[in-house]
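Peer 1: Okay, handing you the structure first.
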There are 2 protein chains.
Amino acid sequence: MKKFLAIMLLLIPAIVFAGGQQEASTATDNSAPVKAKYIMLFIGDGMAMPQINAAEAYLNALDGSAPGVKKLSFTQWPSQGLTTTYSANAFITDSAAAGTALATGSKTDSGVISMDSSKTKKLKTIAEMAKEEGLKVGIISSVDVDHATPAVFYAHNESRNNYYDIGLEMADSGFDYFGGGLIKTYKTPEGKPTVLDVMEEKGWVIAKTREELNALQPGQQAYAYYNTSFTTNSLDYGLDQEADDISLAEYTKKGIELLDNENGFFMMVEGGKIDWACHANDAASSISDTIEFDKAVKEGLAFYNQHPDETLIIVTGDHETGGLTLGFAGTKYGSAFAEIQNQKISYENFDKFIFKPYMEAHADGSAQLADLMPEIEKNFGLTDRSDYENEQLEASFQRALRGNVRKAENDQDYLLYGGYNPLSVTVTHLLNRRAGLAWTSYSHTGVPVQTFAIGAGQEMFNGYYDNTDIFKKMKSAMLGDGQVALAE
Amino acid sequence: MKKFLAIMLLLIPAIVFAGGQQEASTATDNSAPVKAKYIMLFIGDGMAMPQINAAEAYLNALDGSAPGVKKLSFTQWPSQGLTTTYSANAFITDSAAAGTALATGSKTDSGVISMDSSKTKKLKTIAEMAKEEGLKVGIISSVDVDHATPAVFYAHNESRNNYYDIGLEMADSGFDYFGGGLIKTYKTPEGKPTVLDVMEEKGWVIAKTREELNALQPGQQAYAYYNTSFTTNSLDYGLDQEADDISLAEYTKKGIELLDNENGFFMMVEGGKIDWACHANDAASSISDTIEFDKAVKEGLAFYNQHPDETLIIVTGDHETGGLTLGFAGTKYGSAFAEIQNQKISYENFDKFIFKPYMEAHADGSAQLADLMPEIEKNFGLTDRSDYENEQLEASFQRALRGNVRKAENDQDYLLYGGYNPLSVTVTHLLNRRAGLAWTSYSHTGVPVQTFAIGAGQEMFNGYYDNTDIFKKMKSAMLGDGQVALAE
């Protein structure tokens, strides 16, 4: 018996903590309710298993290693789940309904921001609950922070497109920190103040530069954004970022610094342009933004390492985008992921900075593909082309010349180009196919996403469950009420 | 302290068992090595998350329910993992290398049957270890049991194509039961006895009919197969099965009856034609065979329910096939999975029993698509066709008329038809697309597969790990040596 008594004495600390609210041990005692003081939810928009796996296969290929994967930070975590994403009215969800499910635990119709399907009842979000519990709250995104995924955490609206009203809720949220892309100030109704003006009037500190971001202090209600005058309101693709760009990881690191306090915090960080890249079937941009997203996750992980017993980090996607898979009919059993490194800029920057100026300069009808090929080869590789590849490029260029690309000429036209610039989408298709990557859609798909977790309550995130369950698990960890059991 | 002492006394039984070999509790004590007396490994060939999800979305749609999934038996299990599948020499594996990883825990080159990459060293399989440990062993497949996936459990050969030698190893395996498809007796070298003859000489009981299957008794070394004279050596697709067909579930149920004994057993069951259906991009056949596979799993589950503390069941795939996703460019955010029920027969039966006889009867040049359309509508739906759909059907029929379809005329030809009958592959493509399902390949892809587990040692199967780890986890459970920890 002596031996067993010795073992039992070793167990005492775990038992002592089991009944308490703070610092319940995460891994050893499955029966005690877990409470997480710090909760970080990272959402890769459009990021399901294929997006993660493409990034990992690419990183491995860059090493010149044997076939395999080089794991991202979060895929090495102890807990991993499979998560369904359908909305109340569609198997293939949009980001508003998927985000609402994550933020409120309720299914709603696609397009709706944290209201029920009848669009009459506001749904309380995990971020609002956190605020009520006395936690600090931060919302960060690489896209405009009034976009659907960030919006579902602070706004309630029948439509994700009501940007001005969503922005006003942001100003009224009482949250502590917003970071990332600029809200759509150009959606301000005539005669009304911009949301930025409203926020400043309410005492928010607006940080527009890296210096202003760095100068922010805990206790200030702050909105930090970065906006390059010549692109969209979002952060640039990782592939296009230069030294003066502020990264998602930088906004995340600052967020943790601002939110860290003795009452705890809830922070949501979205990698929003993985989705946009996948809509455009641009694998290199998806991969680079998945890596950017992982860098932001690593900032969360650094905090976790300081507070492992009190921190819960969850990484998930809201849905898959593009129907990406890691195999293409033409390449059969072959893969050549390192081909992707030949792409130096996103499709977006090619369209804006190469294609558009060229077409404008040749509006007299003198435009020809041959003029653009040096730029294509420089920025995407695609040398030593097959006849088939040349035919596809020429056909796409001719289609671009006919204009009006957003309106498909026929079914085949839409399948080939999806309303994107026919030339650049063909360029990325051809490059992706060389690598052994292929797409089936320019929209989202309905396949489940992968969820990963580390920290207090991580065990809850094993298994196969719905996106609404992620809210329930987070809430259970936040309140420490044991409503969701740690293990079966 | 009194309270804590009481709790500690409750813990004593768990601690006492921790050192023991038999019947360690599966769910409550993470530190005790687990031993599973009965281990069943179910492998869906070509079955990754998209194949599972397509079946679940289809079953849900048949109910006319709101968007969602109707879960298969095994996806409801408590443990679920994500599993990489690459082989030693290719990111996209074949079934031989993937099977070798599952059966032996070692990566090898694609095409190799349980030997190392140098093709000189035989690798001991989990089934051979089971036999050494005194367990009974059974190997079941819906395809020829000398095909790669079943073969890796009993044979060692530099090539999966050496069917005769593989068959001889089956005869020499000392295993207790083989069930399912007929081995390739037509590969018998001239002047040699067939493997069936060799087996009979060695005392194996060969059961060719349901009556003979039912008559088998524990203690007999048995090989039970079903072979319809007019199709391949495999079992028919679920979609094509009639009352006299013997199903994978039937072979599985009988297997459990024959293998059940006080020393335990190891049984592998393969759903092999999910892969074949996906190579041909035939979603209905993939879904029906995934459901057939699930029925076989349910037989395992019935046994588990009688012996929950001593049984471990694992369900996994060896790789994904076809690049299936649940979204198609043309249907955008829409899905109509119930469309799939319009398909009444597999592409294979259409080719054999409708297309081939028609073409032979019209070899004089009088063949025309219009003659076949009533059969296509009857067996696949596809009424109310768009101009685009009609164009695709006509083009595929014209291609079929030109013959030599296994040899692609050009890149586009291969992308469209993949060496299959151009008409039937176009028919299934069009039907799948109407449902919102799409494919990127006629080969395998490299995305990870999903693994599910229930029973003694189930916790080991949470997380993100390699297919070689499945062997290690199974072995740890079989030997009860605690070599693989139950939880992080």
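Just remember, in the structure tokens the first chain shown is A, the second B, etc., residues are 1-based per chain, and ligands are 1-based in the order shown.
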In segment 121-345 of chain B, what's strand (DSSP E or B) per DSSP? Answer as a VMD selection string?
Peer 2: chain B and resid 122 136 to 144 157 177 to 181 205 to 207 222 to 225 265 to 271 311 to 317 320 to 321 325
Peer 1: Excluding same-chain residues fewer than 5 positions from Asp275 of chain B, what lies within 8 Å of it counting only C-alpha atoms, as an mmCIF file with C-alpha atoms, in the first residue's frame?
Peer 2:
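Everything below was put into result24.cif:
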```
data_model
loop_
_atom_site.group_PDB
_atom_site.id
_atom_site.type_symbol
_atom_site.label_atom_id
_atom_site.label_comp_id
_atom_site.auth_asym_id
_atom_site.auth_seq_id
_atom_site.Cartn_x
_atom_site.Cartn_y
_atom_site.Cartn_z
ATOM 1 C CA GLY B 44 -12.377 2.676 -46.818
ATOM 2 C CA ASP B 45 -10.196 2.655 -49.925
ATOM 3 C CA GLY B 46 -10.188 6.144 -51.381
ATOM 4 C CA MET B 47 -12.396 7.300 -48.511
ATOM 5 C CA SER B 286 -19.032 6.087 -54.090
ATOM 6 C CA GLU B 320 -8.534 10.228 -51.019
ATOM 7 C CA THR B 321 -9.514 9.420 -54.596
#
```
Peer 1: Determine the nearest neighbour of Tyr38 of chain B from the options B:Leu382, B:Leu248, B:Met170, B:Met474, counting only C-alpha atoms.
Peer 2: B:Met474
Peer 1: In Å to one decimal, how far is atom CA of Leu235 of chain B from atom CA of Lys131 of chain B?
Peer 2: 27.2 Å
Peer 1: Neighbours of Val484 of chain B within 8 Å (only C-alpha atoms; same-chain residues fewer than 3 positions away dropped), as a short mmCIF file (atom, residue, chain, number, x, y, z; two decimals) with C-alpha atoms, in the first residue's frame?
Peer 2:
```
data_model
loop_
_atom_site.label_atom_id
_atom_site.label_comp_id
_atom_site.auth_asym_id
_atom_site.auth_seq_id
_atom_site.Cartn_x
_atom_site.Cartn_y
_atom_site.Cartn_z
CA MET B 460 -4.90 7.38 -29.01
CA LYS B 472 1.86 1.93 -33.77
CA LYS B 473 -1.35 2.71 -31.89
CA SER B 476 0.31 -0.75 -28.57
#
```
Peer 1: Please return, as a VMD selection string, all residues of segment 189-434 of chain B that DSSP assigns to helix (DSSP H, G or I) on the basis of the backbone.
Peer 2: chain B and resid 195 to 201 210 to 215 238 to 240 248 to 259 273 to 279 283 to 306 329 to 331 337 to 342 347 to 361 369 to 380 387 to 402 411 to 417 422 to 434
Peer 1: Would you work out the distance separating atom CA of Tyr464 of chain B from atom CA of Gly68 of chain A, expressed in Å to one decimal?
Peer 2: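 Separation of atom CA of Tyr464 of chain B and atom CA of Gly68 of chain A: 13.3 Å.
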